[in-house]
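Enquirer: Contents of start.pdb (PDB, C-alpha atoms) are below:
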ATOM      1  CA  MET A 194      -9.381  -1.739 -17.692
ATOM      2  CA  LYS A 195     -13.072  -1.007 -18.188
ATOM      3  CA  LYS A 196     -14.899  -2.398 -15.151
ATOM      4  CA  ILE A 197     -12.883  -2.681 -11.968
ATOM      5  CA  MET A 198     -13.648  -4.451  -8.693
ATOM      6  CA  VAL A 199     -11.685  -3.307  -5.612
ATOM      7  CA  THR A 200     -11.456  -5.405  -2.450
ATOM      8  CA  GLY A 201     -10.572  -3.729   0.848
ATOM      9  CA  ALA A 202     -11.999  -0.512  -0.575
ATOM     10  CA  LEU A 203     -12.398   1.118   2.840
ATOM     11  CA  GLY A 204      -8.761   0.534   3.828
ATOM     12  CA  GLN A 205      -5.703   2.792   3.731
ATOM     13  CA  ILE A 206      -5.079   2.527  -0.017
ATOM     14  CA  GLY A 207      -8.507   1.418  -1.191
ATOM     15  CA  SER A 208     -10.333   4.398   0.287
ATOM     16  CA  GLU A 209      -8.410   6.715  -2.030
ATOM     17  CA  LEU A 210      -7.877   4.331  -4.909
ATOM     18  CA  ILE A 211     -11.597   4.085  -5.663
ATOM     19  CA  GLY A 212     -11.830   7.847  -6.148
ATOM     20  CA  LYS A 213      -8.828   7.820  -8.466
ATOM     21  CA  LEU A 214     -10.271   4.960 -10.509
ATOM     22  CA  GLN A 215     -13.722   6.548 -10.697
ATOM     23  CA  LYS A 216     -12.159   9.735 -12.038
ATOM     24  CA  GLU A 217     -10.169   7.770 -14.633
ATOM     25  CA  TYR A 218     -12.766   5.181 -15.704
ATOM     26  CA  GLY A 219     -16.171   6.427 -14.575
ATOM     27  CA  GLU A 220     -18.034   6.179 -11.284
ATOM     28  CA  ASP A 221     -20.312   3.330 -12.349
ATOM     29  CA  ASN A 222     -17.387   1.260 -13.620
ATOM     30  CA  VAL A 223     -15.704   0.851 -10.216
ATOM     31  CA  LEU A 224     -17.197  -1.587  -7.709
ATOM     32  CA  SER A 225     -16.040  -1.036  -4.128
ATOM     33  CA  THR A 226     -16.136  -4.000  -1.740
ATOM     34  CA  ASP A 227     -15.206  -4.393   1.899
ATOM     35  CA  ILE A 228     -16.024  -6.613   4.857
ATOM     36  CA  ARG A 229     -17.971  -3.778   6.482
ATOM     37  CA  GLN A 230     -20.468  -1.173   5.379
ATOM     38  CA  PRO A 231     -19.013   2.318   4.947
ATOM     39  CA  ALA A 232     -19.725   4.685   7.829
ATOM     40  CA  GLU A 233     -20.761   7.318   5.297
ATOM     41  CA  SER A 234     -22.175   6.927   1.814
ATOM     42  CA  ILE A 235     -19.562   6.593  -0.916
ATOM     43  CA  ALA A 236     -19.822   7.221  -4.633
ATOM     44  CA  GLY A 237     -20.431   4.361  -7.016
ATOM     45  CA  PRO A 238     -21.612   0.778  -6.454
ATOM     46  CA  PHE A 239     -20.679  -1.001  -3.213
ATOM     47  CA  GLU A 240     -20.941  -4.607  -1.993
ATOM     48  CA  VAL A 241     -20.157  -6.124   1.402
ATOM     49  CA  LEU A 242     -17.579  -8.860   0.799
ATOM     50  CA  ASP A 243     -15.446 -11.031   3.095
ATOM     51  CA  VAL A 244     -12.438 -11.918   0.919
ATOM     52  CA  THR A 245     -12.091 -15.282   2.670
ATOM     53  CA  ASP A 246     -15.393 -16.256   0.994
ATOM     54  CA  GLY A 247     -14.179 -17.268  -2.461
ATOM     55  CA  LYS A 248     -17.605 -18.235  -3.777
ATOM     56  CA  LYS A 249     -19.084 -14.853  -2.887
ATOM     57  CA  MET A 250     -16.105 -13.043  -4.405
ATOM     58  CA  TYR A 251     -16.564 -14.889  -7.689
ATOM     59  CA  GLU A 252     -20.289 -14.163  -7.748
ATOM     60  CA  VAL A 253     -19.852 -10.458  -7.011
ATOM     61  CA  ALA A 254     -17.197 -10.075  -9.719
ATOM     62  CA  LYS A 255     -19.253 -11.998 -12.282
ATOM     63  CA  ASP A 256     -22.472 -10.125 -11.554
ATOM     64  CA  PHE A 257     -20.670  -6.790 -11.937
ATOM     65  CA  GLY A 258     -19.024  -7.902 -15.179
ATOM     66  CA  ALA A 259     -15.601  -6.912 -13.903
ATOM     67  CA  ASP A 260     -12.607  -7.277 -16.204
ATOM     68  CA  THR A 261     -10.102  -6.225 -13.526
ATOM     69  CA  ILE A 262      -9.719  -7.014  -9.829
ATOM     70  CA  MET A 263      -7.581  -4.891  -7.529
ATOM     71  CA  HIS A 264      -7.066  -6.885  -4.372
ATOM     72  CA  MET A 265      -6.233  -4.454  -1.565
ATOM     73  CA  ALA A 266      -7.651  -6.311   1.461
ATOM     74  CA  ALA A 267      -4.910  -7.262   3.943
ATOM     75  CA  LEU A 268      -3.841  -7.111   7.571
ATOM     76  CA  LEU A 269      -0.846  -4.769   7.951
ATOM     77  CA  SER A 270       2.523  -5.418   9.587
ATOM     78  CA  ALA A 271       2.086  -4.577  13.277
ATOM     79  CA  ARG A 272      -1.425  -6.044  13.485
ATOM     80  CA  ALA A 273      -0.254  -9.168  11.678
ATOM     81  CA  GLU A 274       2.421  -9.716  14.334
ATOM     82  CA  ALA A 275      -0.234  -9.484  17.019
ATOM     83  CA  ASP A 276      -2.282 -12.263  15.405
ATOM     84  CA  PRO A 277      -0.137 -14.181  12.885
ATOM     85  CA  LEU A 278      -2.579 -17.039  12.290
ATOM     86  CA  PHE A 279      -5.405 -14.655  11.456
ATOM     87  CA  ALA A 280      -3.015 -12.674   9.245
ATOM     88  CA  TRP A 281      -2.064 -15.794   7.286
ATOM     89  CA  ASN A 282      -5.682 -16.855   6.808
ATOM     90  CA  LEU A 283      -6.805 -13.397   5.717
ATOM     91  CA  ASN A 284      -3.812 -12.311   3.663
ATOM     92  CA  MET A 285      -3.131 -15.598   1.884
ATOM     93  CA  GLY A 286      -6.669 -16.966   1.789
ATOM     94  CA  GLY A 287      -8.024 -13.707   0.419
ATOM     95  CA  LEU A 288      -5.261 -13.502  -2.168
ATOM     96  CA  MET A 289      -5.842 -17.055  -3.362
ATOM     97  CA  ASN A 290      -9.574 -16.377  -3.722
ATOM     98  CA  ALA A 291      -8.883 -13.202  -5.693
ATOM     99  CA  LEU A 292      -6.435 -14.972  -8.001
ATOM    100  CA  GLU A 293      -8.879 -17.818  -8.577
ATOM    101  CA  THR A 294     -11.627 -15.318  -9.391
ATOM    102  CA  ALA A 295      -9.304 -13.608 -11.859
ATOM    103  CA  ARG A 296      -8.398 -16.953 -13.423
ATOM    104  CA  GLU A 297     -11.964 -18.181 -13.770
ATOM    105  CA  LEU A 298     -13.278 -14.892 -15.193
ATOM    106  CA  ASN A 299     -10.175 -14.021 -17.262
ATOM    107  CA  MET A 300      -9.585 -10.772 -15.382
ATOM    108  CA  HIS A 301      -6.601  -8.450 -15.109
ATOM    109  CA  PHE A 302      -5.197  -8.524 -11.586
ATOM    110  CA  PHE A 303      -3.356  -6.153  -9.235
ATOM    111  CA  THR A 304      -2.271  -6.572  -5.644
ATOM    112  CA  PRO A 305       0.340  -4.599  -3.697
ATOM    113  CA  SER A 306       3.394  -6.089  -2.080
ATOM    114  CA  SER A 307       5.603  -4.173   0.342
ATOM    115  CA  ILE A 308       9.148  -3.429   1.456
ATOM    116  CA  GLY A 309       8.111  -5.782   4.266
ATOM    117  CA  ALA A 310       8.851  -8.599   1.810
ATOM    118  CA  PHE A 311      12.543  -7.953   2.482
ATOM    119  CA  GLY A 312      14.406  -9.011   5.619
ATOM    120  CA  PRO A 313      17.554  -8.264   7.643
ATOM    121  CA  SER A 314      19.765 -10.217   5.218
ATOM    122  CA  THR A 315      18.589  -8.124   2.248
ATOM    123  CA  PRO A 316      20.987  -5.340   1.124
ATOM    124  CA  LYS A 317      19.934  -2.237   3.069
ATOM    125  CA  MET A 318      20.847   0.445   0.532
ATOM    126  CA  ASN A 319      19.697   0.550  -3.103
ATOM    127  CA  THR A 320      17.955  -2.776  -2.562
ATOM    128  CA  PRO A 321      17.787  -4.431  -5.998
ATOM    129  CA  GLN A 322      14.574  -5.478  -7.713
ATOM    130  CA  ASP A 323      15.708  -9.106  -7.586
ATOM    131  CA  THR A 324      17.504  -9.972  -4.373
ATOM    132  CA  LEU A 325      17.483 -12.148  -1.267
ATOM    133  CA  GLN A 326      14.118 -12.076   0.512
ATOM    134  CA  ARG A 327      14.050 -13.654   3.970
ATOM    135  CA  PRO A 328      11.584 -11.569   6.049
ATOM    136  CA  THR A 329      11.235 -12.167   9.772
ATOM    137  CA  THR A 330       7.601 -11.064  10.157
ATOM    138  CA  MET A 331       4.338 -12.793   9.295
ATOM    139  CA  TYR A 332       3.378  -9.825   7.120
ATOM    140  CA  GLY A 333       6.642 -10.168   5.222
ATOM    141  CA  VAL A 334       6.192 -13.919   4.813
ATOM    142  CA  ASN A 335       2.709 -13.262   3.431
ATOM    143  CA  LYS A 336       4.055 -10.733   0.958
ATOM    144  CA  VAL A 337       6.862 -12.961  -0.350
ATOM    145  CA  ALA A 338       4.443 -15.862  -0.687
ATOM    146  CA  GLY A 339       2.007 -13.543  -2.443
ATOM    147  CA  GLU A 340       4.621 -12.357  -4.919
ATOM    148  CA  LEU A 341       5.478 -15.955  -5.792
ATOM    149  CA  LEU A 342       1.819 -16.925  -6.022
ATOM    150  CA  CYS A 343       1.069 -14.083  -8.430
ATOM    151  CA  ASP A 344       4.047 -15.099 -10.576
ATOM    152  CA  TYR A 345       2.758 -18.672 -10.526
ATOM    153  CA  TYR A 346      -0.699 -17.661 -11.725
ATOM    154  CA  PHE A 347       0.850 -15.670 -14.564
ATOM    155  CA  HIS A 348       3.177 -18.450 -15.720
ATOM    156  CA  ARG A 349       0.822 -21.380 -15.036
ATOM    157  CA  PHE A 350      -2.554 -19.948 -16.013
ATOM    158  CA  GLY A 351      -1.766 -16.793 -18.003
ATOM    159  CA  VAL A 352      -3.476 -14.470 -15.502
ATOM    160  CA  ASP A 353      -2.353 -10.882 -16.159
ATOM    161  CA  THR A 354      -1.005 -10.299 -12.646
ATOM    162  CA  ARG A 355       0.791  -7.077 -11.738
ATOM    163  CA  GLY A 356       1.968  -5.456  -8.509
ATOM    164  CA  VAL A 357       4.377  -3.099  -6.782
ATOM    165  CA  ARG A 358       6.333  -3.186  -3.540
ATOM    166  CA  PHE A 359       5.070  -0.116  -1.734
ATOM    167  CA  PRO A 360       7.141   1.667   0.882
ATOM    168  CA  GLY A 361       5.405   3.456   3.746
ATOM    169  CA  LEU A 362       2.391   5.332   2.377
ATOM    170  CA  ILE A 363       1.414   8.735   3.738
ATOM    171  CA  SER A 364      -2.096  10.120   3.371
ATOM    172  CA  TYR A 365      -4.353  12.781   4.843
ATOM    173  CA  VAL A 366      -7.524  10.805   3.989
ATOM    174  CA  ALA A 367      -7.173   7.492   5.823
ATOM    175  CA  GLN A 368      -6.247   7.195   9.492
ATOM    176  CA  PRO A 369      -3.218   5.039  10.422
ATOM    177  CA  GLY A 370      -4.105   1.377   9.934
ATOM    178  CA  GLY A 371      -1.665  -0.674  11.998
ATOM    179  CA  GLY A 372       1.473  -0.360   9.887
ATOM    180  CA  THR A 373       5.034   0.169  11.041
ATOM    181  CA  THR A 374       5.416   3.307   8.930
ATOM    182  CA  ASP A 375       2.225   4.838  10.328
ATOM    183  CA  TYR A 376       4.216   7.228  12.500
ATOM    184  CA  ALA A 377       4.801   9.248   9.328
ATOM    185  CA  VAL A 378       1.042   9.739   9.017
ATOM    186  CA  ASP A 379       0.196  10.276  12.679
ATOM    187  CA  ILE A 380       2.935  12.867  13.146
ATOM    188  CA  TYR A 381       1.111  15.317  10.860
ATOM    189  CA  TYR A 382      -2.159  14.915  12.760
ATOM    190  CA  LYS A 383      -0.426  15.479  16.092
ATOM    191  CA  ALA A 384       1.541  18.434  14.744
ATOM    192  CA  ILE A 385      -1.723  20.226  14.027
ATOM    193  CA  THR A 386      -3.802  19.100  17.022
ATOM    194  CA  ASP A 387      -1.136  18.948  19.753
ATOM    195  CA  GLY A 388       1.962  20.721  18.453
ATOM    196  CA  LYS A 389       4.031  17.721  19.535
ATOM    197  CA  TYR A 390       4.507  14.045  18.780
ATOM    198  CA  GLU A 391       5.953  11.004  20.548
ATOM    199  CA  SER A 392       7.553   8.734  17.951
ATOM    200  CA  PHE A 393       7.377   4.961  18.389
ATOM    201  CA  ILE A 394      10.192   4.653  15.820
ATOM    202  CA  ALA A 395      13.723   5.381  17.033
ATOM    203  CA  GLU A 396      15.768   8.407  16.067
ATOM    204  CA  GLY A 397      17.912   7.755  13.005
ATOM    205  CA  THR A 398      15.734   4.949  11.593
ATOM    206  CA  CYS A 399      15.473   5.573   7.842
ATOM    207  CA  MET A 400      12.583   4.100   5.867
ATOM    208  CA  ASP A 401      11.365   4.573   2.323
ATOM    209  CA  MET A 402       8.119   6.505   1.967
ATOM    210  CA  MET A 403       5.696   7.687  -0.713
ATOM    211  CA  TYR A 404       2.848  10.192  -0.771
ATOM    212  CA  MET A 405      -0.472   8.597  -1.627
ATOM    213  CA  PRO A 406      -1.119  10.526  -4.876
ATOM    214  CA  ASP A 407       2.120   9.081  -6.276
ATOM    215  CA  ALA A 408       1.156   5.588  -5.105
ATOM    216  CA  LEU A 409      -2.248   5.763  -6.794
ATOM    217  CA  GLN A 410      -0.737   7.015 -10.033
ATOM    218  CA  ALA A 411       1.779   4.180  -9.940
ATOM    219  CA  ILE A 412      -1.046   1.618  -9.777
ATOM    220  CA  VAL A 413      -2.834   3.109 -12.773
ATOM    221  CA  ASP A 414       0.374   3.507 -14.783
ATOM    222  CA  LEU A 415       1.433  -0.090 -14.176
ATOM    223  CA  MET A 416      -1.983  -1.492 -15.044
ATOM    224  CA  GLU A 417      -2.050   0.527 -18.273
ATOM    225  CA  ALA A 418       1.514  -0.449 -19.246
ATOM    226  CA  ASP A 419       2.208  -2.456 -22.381
ATOM    227  CA  PRO A 420       2.651  -6.070 -21.200
ATOM    228  CA  ALA A 421       5.297  -6.639 -23.868
ATOM    229  CA  LYS A 422       7.562  -4.178 -22.029
ATOM    230  CA  LEU A 423       7.269  -5.877 -18.643
ATOM    231  CA  SER A 424      10.250  -8.113 -17.925
ATOM    232  CA  HIS A 425       8.919  -8.354 -14.385
ATOM    233  CA  ARG A 426       5.263  -8.790 -13.557
ATOM    234  CA  ASN A 427       4.803  -8.456  -9.840
ATOM    235  CA  ALA A 428       6.386  -6.614  -6.956
ATOM    236  CA  PHE A 429       8.132  -3.753  -8.747
ATOM    237  CA  ASN A 430      10.194  -1.674  -6.300
ATOM    238  CA  VAL A 431       8.732   1.858  -6.078
ATOM    239  CA  THR A 432       9.663   4.688  -3.738
ATOM    240  CA  ALA A 433       9.749   8.469  -3.580
ATOM    241  CA  MET A 434      11.815   9.470  -0.547
ATOM    242  CA  CYS A 435      13.771   8.091   2.394
ATOM    243  CA  PHE A 436      13.867   9.809   5.789
ATOM    244  CA  GLU A 437      14.162   9.241   9.525
ATOM    245  CA  PRO A 438      11.801  10.718  12.134
ATOM    246  CA  GLY A 439      13.990  13.746  12.792
ATOM    247  CA  GLU A 440      13.899  14.770   9.141
ATOM    248  CA  ILE A 441      10.127  14.723   8.926
ATOM    249  CA  ALA A 442       9.982  16.751  12.166
ATOM    250  CA  ALA A 443      12.373  19.311  10.646
ATOM    251  CA  SER A 444      10.177  19.542   7.554
ATOM    252  CA  ILE A 445       7.116  20.181   9.734
ATOM    253  CA  ARG A 446       8.949  22.926  11.665
ATOM    254  CA  LYS A 447       9.227  24.918   8.428
ATOM    255  CA  HIS A 448       5.462  25.417   8.816
ATOM    256  CA  ILE A 449       4.988  24.938  12.589
ATOM    257  CA  PRO A 450       8.202  26.315  14.174
ATOM    258  CA  ASN A 451       7.360  25.257  17.745
ATOM    259  CA  PHE A 452       6.619  21.629  16.861
ATOM    260  CA  GLU A 453       8.252  19.230  19.341
ATOM    261  CA  MET A 454       9.071  15.542  18.954
ATOM    262  CA  THR A 455      10.129  12.999  21.560
ATOM    263  CA  TYR A 456      10.733   9.263  21.374
ATOM    264  CA  ASN A 457       9.106   6.294  23.100
ATOM    265  CA  VAL A 458      10.187   3.337  20.995
ATOM    266  CA  ASP A 459       7.803   0.434  20.448
ATOM    267  CA  PRO A 460      10.127  -2.613  20.381
ATOM    268  CA  VAL A 461       7.823  -4.645  18.118
ATOM    269  CA  ARG A 462       7.462  -2.017  15.414
ATOM    270  CA  GLN A 463      11.096  -0.955  15.785
ATOM    271  CA  ALA A 464      12.234  -4.521  15.197
ATOM    272  CA  ILE A 465      10.091  -4.635  12.063
ATOM    273  CA  ALA A 466      11.550  -1.338  10.828
ATOM    274  CA  ASP A 467      15.104  -2.516  11.518
ATOM    275  CA  SER A 468      14.525  -5.610   9.373
ATOM    276  CA  TRP A 469      13.548  -3.536   6.313
ATOM    277  CA  PRO A 470      15.810  -1.801   3.782
ATOM    278  CA  ASP A 471      16.689   1.857   4.190
ATOM    279  CA  HIS A 472      16.242   2.569   0.492
ATOM    280  CA  ILE A 473      15.075   0.392  -2.405
ATOM    281  CA  ASP A 474      16.086   0.766  -6.053
ATOM    282  CA  PRO A 475      13.062   1.531  -8.309
ATOM    283  CA  SER A 476      15.009   1.448 -11.585
ATOM    284  CA  ALA A 477      13.159  -1.612 -12.958
ATOM    285  CA  ALA A 478       9.826   0.220 -12.606
ATOM    286  CA  VAL A 479      11.315   3.341 -14.194
ATOM    287  CA  THR A 480      12.687   1.376 -17.155
ATOM    288  CA  GLU A 481       9.778  -0.999 -17.772
ATOM    289  CA  TRP A 482       6.741   1.269 -17.325
ATOM    290  CA  GLY A 483       7.951   4.796 -16.680
ATOM    291  CA  PHE A 484       7.447   5.067 -12.924
ATOM    292  CA  LYS A 485       8.011   8.572 -11.576
ATOM    293  CA  ALA A 486       7.215  10.176  -8.215
ATOM    294  CA  SER A 487       6.196  13.829  -8.046
ATOM    295  CA  TYR A 488       6.451  14.566  -4.309
ATOM    296  CA  ASP A 489       9.562  14.904  -2.156
ATOM    297  CA  LEU A 490       9.460  15.329   1.647
ATOM    298  CA  ASP A 491       8.948  19.100   1.754
ATOM    299  CA  ALA A 492       6.334  19.097  -1.009
ATOM    300  CA  MET A 493       4.458  16.314   0.757
ATOM    301  CA  THR A 494       4.656  18.091   4.123
ATOM    302  CA  ALA A 495       3.235  21.314   2.716
ATOM    303  CA  ASP A 496       0.335  19.497   1.078
ATOM    304  CA  MET A 497      -0.358  17.241   4.089
ATOM    305  CA  LEU A 498      -0.530  20.152   6.521
ATOM    306  CA  GLU A 499      -2.716  22.220   4.209
ATOM    307  CA  LYS A 500      -5.174  19.354   3.625
ATOM    308  CA  LEU A 501      -5.260  18.241   7.269
ATOM    309  CA  LYS A 502      -5.921  21.759   8.554
ATOM    310  CA  LYS A 503      -9.034  21.817   6.377
ATOM    311  CA  LYS A 504     -10.023  18.304   7.378
ATOM    312  CA  LEU A 505      -9.592  18.988  11.106
ATOM    313  CA  ASN A 506     -10.966  22.538  10.956
ATOM    314  CA  ALA A 507      -7.751  23.675  12.588
TER
END
If you convert what's in this file into structure tokens, what do you get?
Expert:
Amino acid sequence: MKKIMVTGALGQIGSELIGKLQKEYGEDNVLSTDIRQPAESIAGPFEVLDVTDGKKMYEVAKDFGADTIMHMAALLSARAEADPLFAWNLNMGGLMNALETARELNMHFFTPSSIGAFGPSTPKMNTPQDTLQRPTTMYGVNKVAGELLCDYYFHRFGVDTRGVRFPGLISYVAQPGGGTTDYAVDIYYKAITDGKYESFIAEGTCMDMMYMPDALQAIVDLMEADPAKLSHRNAFNVTAMCFEPGEIAASIRKHIPNFEMTYNVDPVRQAIADSWPDHIDPSAAVTEWGFKASYDLDAMTADMLEKLKKKLNA
């Protein structure tokens, strides 16, 4: 990777990914794009881009001289359920445009999948890399279709497509963006500002999670991996930890002893969570390109609270 174009650069992952890439490859070699202008100035070149406009995407990538496209623009799980037609048009239309741009310009390609690509009939524990995928959400359908489409572009056209299945991602930089796992982000904000949190996910509901620094490193490591060592191409299982709401609350209480948590379950997001695995098996990623996570729950909690206190001036 020498010149990288990122779509959805102002989103949950993109907003931090661009900084990571600029540090690794140089500020001028990372082009950030999004459907809206940034509220504040950001480092490096920026272009307004609607990913459903394939012609504009191609032109922007060509003009920049990009050799890699990282397609991060997507509508997340809960918001996709609220407007499934829009989710299909954005998630699949944008992906197809990005893949076509990569094909026409001979670019390397990355896009994330998700544990949402699994469904209630998928094995819940130690979910294999290759297993039954029958999701019951529009977001999940989009992700399975996207995984297959990326495989198709690799086998049919030789596009160097790569991707991971992210679990819930936790970050102090980006605000929650409409995902089912967003409670694990919001809880830290509320712990600092309010000293209490009302969880929309039910007690005892385990979900895989990962701290954003580990997620960003995973993207870079996969894209830099020797292609000859990749038996798989797209949708590698990656994860760092698995916990239920009570466990994250207990971790917070090690720093904020009086922190309180109650429950007011959102049936839509709870149904989505119940359809996902409890814990996925990342062994294929470990074997094929050396995936490794650095943060466990307590290490993440300590860092999140420290960073958020500075961010919130608390």
Enquirer: Where does the PyMOL selection byres ((chain A and resi 327) around 8) land in this file, that is, which residues does it pick, as a VMD selection string?
Expert: chain A and resid 310 to 315 325 to 326 328 to 329 334
Enquirer: Taking (0.5, -17.5, -15.2) in the file's coordinates as the center, which residues reach within 12 Å of it, counting only C-alpha atoms, put as a PDB file with C-alpha atoms, in the coordinates of the input?
Expert:
ATOM      1  CA  LEU A 292      -6.435 -14.972  -8.001  1.00  0.00           C
ATOM      2  CA  GLU A 293      -8.879 -17.818  -8.577  1.00  0.00           C
ATOM      3  CA  ALA A 295      -9.304 -13.608 -11.859  1.00  0.00           C
ATOM      4  CA  ARG A 296      -8.398 -16.953 -13.423  1.00  0.00           C
ATOM      5  CA  ASN A 299     -10.175 -14.021 -17.262  1.00  0.00           C
ATOM      6  CA  HIS A 301      -6.601  -8.450 -15.109  1.00  0.00           C
ATOM      7  CA  PHE A 302      -5.197  -8.524 -11.586  1.00  0.00           C
ATOM      8  CA  LEU A 341       5.478 -15.955  -5.792  1.00  0.00           C
ATOM      9  CA  LEU A 342       1.819 -16.925  -6.022  1.00  0.00           C
ATOM     10  CA  CYS A 343       1.069 -14.083  -8.430  1.00  0.00           C
ATOM     11  CA  ASP A 344       4.047 -15.099 -10.576  1.00  0.00           C
ATOM     12  CA  TYR A 345       2.758 -18.672 -10.526  1.00  0.00           C
ATOM     13  CA  TYR A 346      -0.699 -17.661 -11.725  1.00  0.00           C
ATOM     14  CA  PHE A 347       0.850 -15.670 -14.564  1.00  0.00           C
ATOM     15  CA  HIS A 348       3.177 -18.450 -15.720  1.00  0.00           C
ATOM     16  CA  ARG A 349       0.822 -21.380 -15.036  1.00  0.00           C
ATOM     17  CA  PHE A 350      -2.554 -19.948 -16.013  1.00  0.00           C
ATOM     18  CA  GLY A 351      -1.766 -16.793 -18.003  1.00  0.00           C
ATOM     19  CA  VAL A 352      -3.476 -14.470 -15.502  1.00  0.00           C
ATOM     20  CA  ASP A 353      -2.353 -10.882 -16.159  1.00  0.00           C
ATOM     21  CA  THR A 354      -1.005 -10.299 -12.646  1.00  0.00           C
ATOM     22  CA  ARG A 355       0.791  -7.077 -11.738  1.00  0.00           C
ATOM     23  CA  ARG A 426       5.263  -8.790 -13.557  1.00  0.00           C
ATOM     24  CA  ASN A 427       4.803  -8.456  -9.840  1.00  0.00           C
TER      25      ASN A 427
END
Enquirer: Compile a residue-level contact table for segment 281-388 of chain A against segment 465-472 of chain A at a cut-off of 7 Å, reporting for every qualifying residue the shortest atom pair and its distance in Å to one decimal, with all atoms listed in the file counted, rows ordered by chain and ascending number, as a Markdown table.
Expert:
| residue | atom | partner | partner_atom | distance |
| --- | --- | --- | --- | --- |
| A:Ile308 | CA | A:Trp469 | CA | 6.6 |
| A:Gly309 | CA | A:Trp469 | CA | 6.2 |
| A:Phe311 | CA | A:Trp469 | CA | 5.9 |
| A:Gly312 | CA | A:Ser468 | CA | 5.1 |
| A:Pro313 | CA | A:Ser468 | CA | 4.4 |
| A:Pro316 | CA | A:Pro470 | CA | 6.8 |
| A:Lys317 | CA | A:Pro470 | CA | 4.2 |
| A:Met318 | CA | A:His472 | CA | 5.1 |
| A:Asn319 | CA | A:His472 | CA | 5.4 |
| A:Thr320 | CA | A:His472 | CA | 6.4 |
| A:Thr373 | CA | A:Ala466 | CA | 6.7 |
Enquirer: Excluding same-chain residues fewer than 6 positions from Lys503 of chain A, what lies within 12 Å of it counting only C-alpha atoms, as a PyMOL selection string?
Expert: chain A and resi 365-366+382+385+496-497
Enquirer: Let me make sure I understand: among A:Leu210, A:Asp256, A:Val199, A:Ala421, which one has the smallest atom-to-atom distance to Ile228 of chain A if we use only C-alpha atoms?
Expert: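 For Ile228 of chain A, the nearest of the candidates is A:Val199.
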Enquirer: Would you kindly return, as number ranges by chain, each protein, DNA or RNA residue with an atom no farther than 7 Å from any atom of Cys435 of chain A, considering only C-alpha atoms and excluding same-chain residues fewer than 3 positions away?
Expert: A: 399-402, 472
Enquirer: Rounded to one decimal place, report the atom CA of Trp281 of chain A-atom CA of Asp246 of chain A distance in Å.
Expert: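 That distance, rounded to one decimal, is 14.7 Å.
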Enquirer: Can you pull out every residue within 12 Å of Ser476 of chain A, counting all atoms listed in the file, but drop anything in the same chain fewer than 3 positions away, and send it as a list in words?
Expert: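 Once the nearby chain positions are removed, what remains is Asn319, Thr320, Pro321, Gln322, Asp323, His425, Phe429, Asn430, Val431, Thr432, Ala433, Ile473, Val479, Thr480, Glu481, Trp482, Gly483, Phe484 and Lys485 of chain A.
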Enquirer: Segment 376-437 of chain A near segment 258-274 of chain A within 12 Å: what's each residue's closest atom pair and its distance in Å to one decimal, counting all atoms listed in the file, ordered by chain then ascending residue number, as a Markdown table?
Expert:
| residue | atom | partner | partner_atom | distance |
| --- | --- | --- | --- | --- |
| A:Leu409 | CA | A:Met263 | CA | 11.9 |
| A:Ile412 | CA | A:Met263 | CA | 9.5 |
| A:Val413 | CA | A:Met263 | CA | 10.7 |
| A:Met416 | CA | A:Thr261 | CA | 9.5 |
| A:Glu417 | CA | A:Thr261 | CA | 11.5 |
Enquirer: Give me the residues near Ala408 of chain A as number ranges by chain, where near means some atom within 8 Å (using only C-alpha atoms) and where sequence neighbours in that chain fewer than 4 positions away do not count.
Expert: A: 359, 362, 403-404, 412
Enquirer: What does the distance between atom CA of Tyr218 of chain A and atom CA of Gly286 of chain A come to in Å, to one decimal place?
Expert: 28.9 Å
Enquirer: Considering only C-alpha atoms, state which residue in the set A:Ala202, A:Ala338, A:Ala418, A:Val461 is at the smallest distance from Met285 of chain A.
Expert: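 Using only C-alpha atoms, the shortest distance to Met285 of chain A belongs to A:Ala338.
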Enquirer: How would segment 471-478 of chain A look with N, CA and C atoms restored, written as a compact mmCIF listing (two decimals), in the frame of the given file?
Expert:
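Saved as rebuild-v4.txt:
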# COMPACT_ATOMS: atom_id res chain seq x y z
N ASP A 471 16.75 0.41 4.03
CA ASP A 471 16.69 1.86 4.19
C ASP A 471 16.18 2.52 2.91
N HIS A 472 16.62 1.97 1.77
CA HIS A 472 16.24 2.57 0.49
C HIS A 472 16.27 1.51 -0.60
N ILE A 473 15.16 1.39 -1.34
CA ILE A 473 15.08 0.39 -2.40
C ILE A 473 15.29 1.06 -3.77
N ASP A 474 15.76 0.27 -4.72
CA ASP A 474 16.09 0.77 -6.05
C ASP A 474 14.88 0.57 -6.97
N PRO A 475 14.25 1.65 -7.46
CA PRO A 475 13.06 1.53 -8.31
C PRO A 475 13.37 1.51 -9.81
N SER A 476 14.62 1.28 -10.19
CA SER A 476 15.01 1.45 -11.58
C SER A 476 14.27 0.51 -12.53
N ALA A 477 13.90 -0.70 -12.09
CA ALA A 477 13.16 -1.61 -12.96
C ALA A 477 11.80 -1.01 -13.32
N ALA A 478 11.12 -0.41 -12.34
CA ALA A 478 9.83 0.22 -12.61
C ALA A 478 9.98 1.43 -13.53
